[in-house]
>>> print(open('input_37.json').read())   # JSON, C-alpha atoms
[["chain", "number", "residue", "atom", "x", "y", "z"],
["J", 25, "MET", "CA", 161.87, 10.51, -73.40],
["J", 26, "GLU", "CA", 163.26, 13.91, -72.54],
["J", 27, "LYS", "CA", 164.81, 16.00, -75.28],
["J", 28, "ARG", "CA", 167.71, 18.25, -74.35],
["J", 29, "VAL", "CA", 169.32, 20.92, -76.41],
["J", 30, "ARG", "CA", 173.06, 20.55, -76.70],
["J", 31, "PHE", "CA", 175.16, 23.40, -77.96],
["J", 32, "LYS", "CA", 178.26, 22.59, -79.92],
["J", 33, "SER", "CA", 180.17, 25.60, -78.67],
["J", 34, "ALA", "CA", 180.56, 26.79, -75.10],
["J", 35, "TRP", "CA", 180.03, 30.49, -75.89],
["J", 36, "LEU", "CA", 176.67, 30.20, -77.72],
["J", 37, "PRO", "CA", 174.51, 29.83, -74.56],
["J", 38, "TRP", "CA", 176.20, 32.90, -73.10],
["J", 39, "LEU", "CA", 175.57, 34.79, -76.32],
["J", 40, "LEU", "CA", 171.89, 33.90, -76.19],
["J", 41, "VAL", "CA", 171.57, 35.00, -72.55],
["J", 42, "ALA", "CA", 173.54, 38.24, -73.03],
["J", 43, "PRO", "CA", 170.64, 40.40, -74.36],
["J", 44, "GLN", "CA", 168.43, 39.55, -71.37],
["J", 45, "MET", "CA", 171.28, 40.22, -68.97],
["J", 46, "ALA", "CA", 171.88, 43.58, -70.64],
["J", 47, "VAL", "CA", 168.20, 44.49, -70.18],
["J", 48, "VAL", "CA", 168.32, 43.51, -66.50],
["J", 49, "LEU", "CA", 171.51, 45.51, -66.00],
["J", 50, "VAL", "CA", 170.28, 48.64, -67.78],
["J", 51, "PHE", "CA", 166.69, 48.71, -66.50],
["J", 52, "PHE", "CA", 167.10, 47.27, -62.99],
["J", 53, "PHE", "CA", 170.59, 47.36, -61.51],
["J", 54, "TRP", "CA", 171.69, 50.69, -62.97],
["J", 55, "PRO", "CA", 168.61, 52.63, -61.74],
["J", 56, "ALA", "CA", 168.80, 50.90, -58.36],
["J", 57, "GLY", "CA", 172.44, 51.90, -58.01],
["J", 58, "GLN", "CA", 171.68, 55.49, -59.04],
["J", 59, "THR", "CA", 168.88, 55.62, -56.47],
["J", 60, "LEU", "CA", 171.16, 54.49, -53.66],
["J", 61, "TYR", "CA", 173.87, 56.91, -54.74],
["J", 62, "GLN", "CA", 171.52, 59.89, -54.95],
["J", 63, "SER", "CA", 169.86, 59.06, -51.64],
["J", 64, "VAL", "CA", 173.00, 60.06, -49.75],
["J", 65, "LEU", "CA", 173.45, 63.38, -51.59],
["J", 66, "GLN", "CA", 171.92, 66.80, -51.12],
["J", 67, "GLU", "CA", 171.37, 68.68, -54.40],
["J", 68, "ASP", "CA", 170.26, 72.21, -55.05],
["J", 69, "ALA", "CA", 166.99, 72.88, -56.91],
["J", 70, "PHE", "CA", 168.64, 72.98, -60.34],
["J", 71, "GLY", "CA", 171.09, 70.09, -59.84],
["J", 72, "MET", "CA", 174.12, 72.34, -60.22],
["J", 73, "SER", "CA", 175.82, 71.35, -56.97],
["J", 74, "ARG", "CA", 175.88, 68.22, -54.85],
["J", 75, "GLN", "CA", 176.96, 67.65, -51.30],
["J", 76, "PHE", "CA", 177.45, 64.29, -49.60],
["J", 77, "VAL", "CA", 175.26, 64.14, -46.49],
["J", 78, "GLY", "CA", 175.27, 60.42, -45.76],
["J", 79, "TRP", "CA", 172.48, 59.19, -43.50],
["J", 80, "GLN", "CA", 171.15, 62.70, -42.73],
["J", 81, "ASN", "CA", 168.50, 62.36, -45.44],
["J", 82, "PHE", "CA", 167.20, 59.17, -43.84],
["J", 83, "GLU", "CA", 167.33, 60.59, -40.31],
["J", 84, "ARG", "CA", 165.31, 63.61, -41.41],
["J", 85, "LEU", "CA", 162.83, 61.35, -43.19],
["J", 86, "TRP", "CA", 162.15, 59.13, -40.17],
["J", 87, "GLU", "CA", 161.77, 62.18, -37.90],
["J", 88, "ASP", "CA", 159.14, 63.77, -40.17],
["J", 89, "PRO", "CA", 155.65, 63.25, -38.65],
["J", 90, "SER", "CA", 153.86, 63.54, -41.99],
["J", 91, "TYR", "CA", 156.00, 60.76, -43.43],
["J", 92, "LEU", "CA", 155.24, 58.51, -40.47],
["J", 93, "ASP", "CA", 151.53, 59.37, -40.77],
["J", 94, "SER", "CA", 151.63, 58.17, -44.36],
["J", 95, "PHE", "CA", 152.62, 54.71, -43.08],
["J", 96, "TYR", "CA", 149.60, 54.73, -40.76],
["J", 97, "THR", "CA", 147.28, 55.80, -43.58],
["J", 98, "THR", "CA", 148.68, 53.15, -45.90],
["J", 99, "ALA", "CA", 148.26, 50.44, -43.23],
["J", 100, "ILE", "CA", 144.62, 51.43, -42.60],
["J", 101, "PHE", "CA", 143.85, 51.51, -46.33],
["J", 102, "ARG", "CA", 145.56, 48.16, -46.91],
["J", 103, "CYS", "CA", 143.67, 46.46, -44.08],
["J", 104, "TRP", "CA", 140.36, 47.93, -45.26],
["J", 105, "TRP", "CA", 141.00, 46.88, -48.84],
["J", 106, "ARG", "CA", 142.07, 43.37, -47.82],
["J", 107, "CYS", "CA", 138.94, 42.90, -45.72],
["J", 108, "TRP", "CA", 136.72, 44.16, -48.55],
["J", 109, "ALA", "CA", 138.44, 41.91, -51.11],
["J", 110, "SER", "CA", 138.12, 38.86, -48.85],
["J", 111, "ALA", "CA", 134.47, 39.58, -48.12],
["J", 112, "SER", "CA", 133.65, 40.12, -51.78],
["J", 113, "ARG", "CA", 135.33, 36.85, -52.74],
["J", 114, "CYS", "CA", 133.53, 34.97, -49.97],
["J", 115, "CYS", "CA", 130.03, 36.42, -50.35],
["J", 116, "TRP", "CA", 129.62, 37.16, -54.06],
["J", 117, "ARG", "CA", 130.71, 34.03, -55.85]]
>>> encode(input="input_37.json", output="structure tokens")
Amino acid sequence: MEKRVRFKSAWLPWLLVAPQMAVVLVFFFWPAGQTLYQSVLQEDAFGMSRQFVGWQNFERLWEDPSYLDSFYTTAIFRCWWRCWASASRCCWR
């Protein structure tokens, strides 16, 4: 037999879920929104002035050879690590 919890009031389940939703909002959605907002701005070194630049930050990023090289380095490292982890699991049980 399956036991189910039944709340007498309609607002109590929402009240119980509210703290977790507040944590998700404050520690996930708010920082994610701030990140997206700040990614389209250009700020000076001290944060005193901001200028909206739109996609220029992303265009400059994808045209930077050192940034693209970091993808290559990460891919090589990931493949090497995956091969080593698979071999160690297979051979050293």
>>> closest_residue(input="input_37.json", among="J:Pro37, J:Pro89, J:Pro43, J:Gly78", to="Leu65 (chain J)", atoms="all atoms listed in the file")
J:Gly78
>>> atom_distance(input="input_37.json", atom1="CA of Phe76 (chain J)", atom2="CA of Tyr61 (chain J)")
9.7 Å
>>> closest_residue(input="input_37.json", among="J:Ala34, J:Arg106, J:Val64, J:Met72", to="Arg84 (chain J)", atoms="only C-alpha atoms")
J:Val64
>>> axis_aligned_box(input="input_37.json", around="region 99-114 of chain J", padding_each_side="5 Å", output="JSON")
{"center_x": 140.9, "center_y": 43.2, "center_z": -47.7, "size_x": 24.7, "size_y": 26.5, "size_z": 20.1}
>>> atom_distance(input="input_37.json", atom1="CA of Val50 (chain J)", atom2="CA of Trp35 (chain J)")
22.1 Å
>>> atom_distance(input="input_37.json", atom1="CA of Gln66 (chain J)", atom2="CA of Asn81 (chain J)")
8.0 Å
>>> decode(input="input_37.json", residues="region 89-103 of chain J", atoms="all heavy atoms", output="short mmCIF file (atom, residue, chain, number, x, y, z; two decimals), in the first residue's frame")
data_model
loop_
_atom_site.label_atom_id
_atom_site.label_comp_id
_atom_site.auth_asym_id
_atom_site.auth_seq_id
_atom_site.Cartn_x
_atom_site.Cartn_y
_atom_site.Cartn_z
N PRO J 89 43.43 34.23 -31.49
CA PRO J 89 44.03 32.92 -31.71
C PRO J 89 44.38 32.19 -30.41
O PRO J 89 44.31 30.97 -30.35
CB PRO J 89 45.29 33.21 -32.53
CG PRO J 89 45.44 34.67 -32.59
CD PRO J 89 44.20 35.31 -32.07
N SER J 90 44.76 32.90 -29.38
CA SER J 90 45.10 32.22 -28.13
C SER J 90 43.86 31.60 -27.49
O SER J 90 43.95 30.54 -26.85
CB SER J 90 45.79 33.18 -27.16
OG SER J 90 44.91 34.21 -26.77
N TYR J 91 42.71 32.22 -27.65
CA TYR J 91 41.48 31.64 -27.12
C TYR J 91 41.12 30.37 -27.89
O TYR J 91 40.74 29.36 -27.29
CB TYR J 91 40.34 32.66 -27.19
CG TYR J 91 39.06 32.17 -26.57
CD1 TYR J 91 38.92 32.09 -25.20
CD2 TYR J 91 37.99 31.79 -27.36
CE1 TYR J 91 37.74 31.63 -24.62
CE2 TYR J 91 36.82 31.33 -26.80
CZ TYR J 91 36.68 31.27 -25.43
OH TYR J 91 35.53 30.81 -24.87
N LEU J 92 41.26 30.41 -29.19
CA LEU J 92 40.97 29.22 -30.00
C LEU J 92 41.98 28.12 -29.72
O LEU J 92 41.62 26.93 -29.72
CB LEU J 92 40.95 29.59 -31.48
CG LEU J 92 39.85 30.58 -31.88
CD1 LEU J 92 39.98 30.95 -33.35
CD2 LEU J 92 38.48 30.05 -31.58
N ASP J 93 43.24 28.47 -29.46
CA ASP J 93 44.24 27.47 -29.10
C ASP J 93 43.90 26.79 -27.78
O ASP J 93 44.23 25.62 -27.58
CB ASP J 93 45.63 28.10 -29.01
CG ASP J 93 46.21 28.44 -30.37
OD1 ASP J 93 45.71 27.89 -31.38
OD2 ASP J 93 47.16 29.24 -30.43
N SER J 94 43.27 27.52 -26.89
CA SER J 94 42.89 26.91 -25.61
C SER J 94 41.86 25.80 -25.82
O SER J 94 41.86 24.81 -25.08
CB SER J 94 42.36 27.97 -24.65
OG SER J 94 41.10 28.43 -25.05
N PHE J 95 40.99 25.94 -26.82
CA PHE J 95 40.05 24.86 -27.13
C PHE J 95 40.81 23.62 -27.62
O PHE J 95 40.49 22.50 -27.23
CB PHE J 95 39.06 25.29 -28.22
CG PHE J 95 37.90 26.05 -27.68
CD1 PHE J 95 37.77 27.40 -27.96
CD2 PHE J 95 36.94 25.44 -26.91
CE1 PHE J 95 36.69 28.11 -27.47
CE2 PHE J 95 35.85 26.14 -26.42
CZ PHE J 95 35.74 27.49 -26.70
N TYR J 96 41.81 23.83 -28.46
CA TYR J 96 42.62 22.71 -28.97
C TYR J 96 43.34 22.02 -27.81
O TYR J 96 43.32 20.80 -27.71
CB TYR J 96 43.61 23.22 -30.01
CG TYR J 96 44.55 22.17 -30.51
CD1 TYR J 96 44.10 21.16 -31.37
CD2 TYR J 96 45.88 22.17 -30.14
CE1 TYR J 96 44.96 20.19 -31.82
CE2 TYR J 96 46.75 21.20 -30.59
CZ TYR J 96 46.29 20.20 -31.44
OH TYR J 96 47.12 19.24 -31.88
N THR J 97 43.95 22.79 -26.93
CA THR J 97 44.66 22.22 -25.79
C THR J 97 43.72 21.45 -24.88
O THR J 97 44.04 20.35 -24.41
CB THR J 97 45.35 23.35 -24.99
OG1 THR J 97 46.22 24.06 -25.86
CG2 THR J 97 46.11 22.80 -23.81
N THR J 98 42.54 21.99 -24.64
CA THR J 98 41.56 21.32 -23.80
C THR J 98 41.10 20.02 -24.44
O THR J 98 40.95 19.00 -23.75
CB THR J 98 40.36 22.24 -23.54
OG1 THR J 98 40.83 23.44 -22.94
CG2 THR J 98 39.33 21.59 -22.66
N ALA J 99 40.89 20.01 -25.75
CA ALA J 99 40.45 18.80 -26.45
C ALA J 99 41.52 17.72 -26.37
O ALA J 99 41.21 16.54 -26.12
CB ALA J 99 40.12 19.12 -27.91
N ILE J 100 42.79 18.08 -26.57
CA ILE J 100 43.89 17.11 -26.48
C ILE J 100 43.97 16.54 -25.07
O ILE J 100 44.07 15.33 -24.88
CB ILE J 100 45.23 17.76 -26.89
CG1 ILE J 100 45.20 18.17 -28.37
CG2 ILE J 100 46.40 16.85 -26.59
CD1 ILE J 100 45.05 17.01 -29.32
N PHE J 101 43.92 17.41 -24.07
CA PHE J 101 44.00 16.96 -22.68
C PHE J 101 42.83 16.05 -22.35
O PHE J 101 42.99 15.01 -21.70
CB PHE J 101 44.03 18.15 -21.73
CG PHE J 101 44.05 17.76 -20.29
CD1 PHE J 101 45.21 17.29 -19.71
CD2 PHE J 101 42.90 17.83 -19.52
CE1 PHE J 101 45.24 16.90 -18.39
CE2 PHE J 101 42.91 17.45 -18.20
CZ PHE J 101 44.09 16.98 -17.63
N ARG J 102 41.63 16.41 -22.79
CA ARG J 102 40.45 15.60 -22.48
C ARG J 102 40.55 14.23 -23.12
O ARG J 102 40.23 13.22 -22.49
CB ARG J 102 39.19 16.31 -22.96
CG ARG J 102 37.95 15.59 -22.54
CD ARG J 102 36.71 16.22 -23.17
NE ARG J 102 35.51 15.57 -22.77
CZ ARG J 102 35.09 14.39 -23.22
NH1 ARG J 102 35.82 13.73 -24.07
NH2 ARG J 102 33.96 13.87 -22.80
N CYS J 103 40.98 14.17 -24.37
CA CYS J 103 41.12 12.87 -25.04
C CYS J 103 42.19 12.03 -24.36
O CYS J 103 41.99 10.83 -24.14
CB CYS J 103 41.46 13.07 -26.51
SG CYS J 103 40.10 13.73 -27.47
#
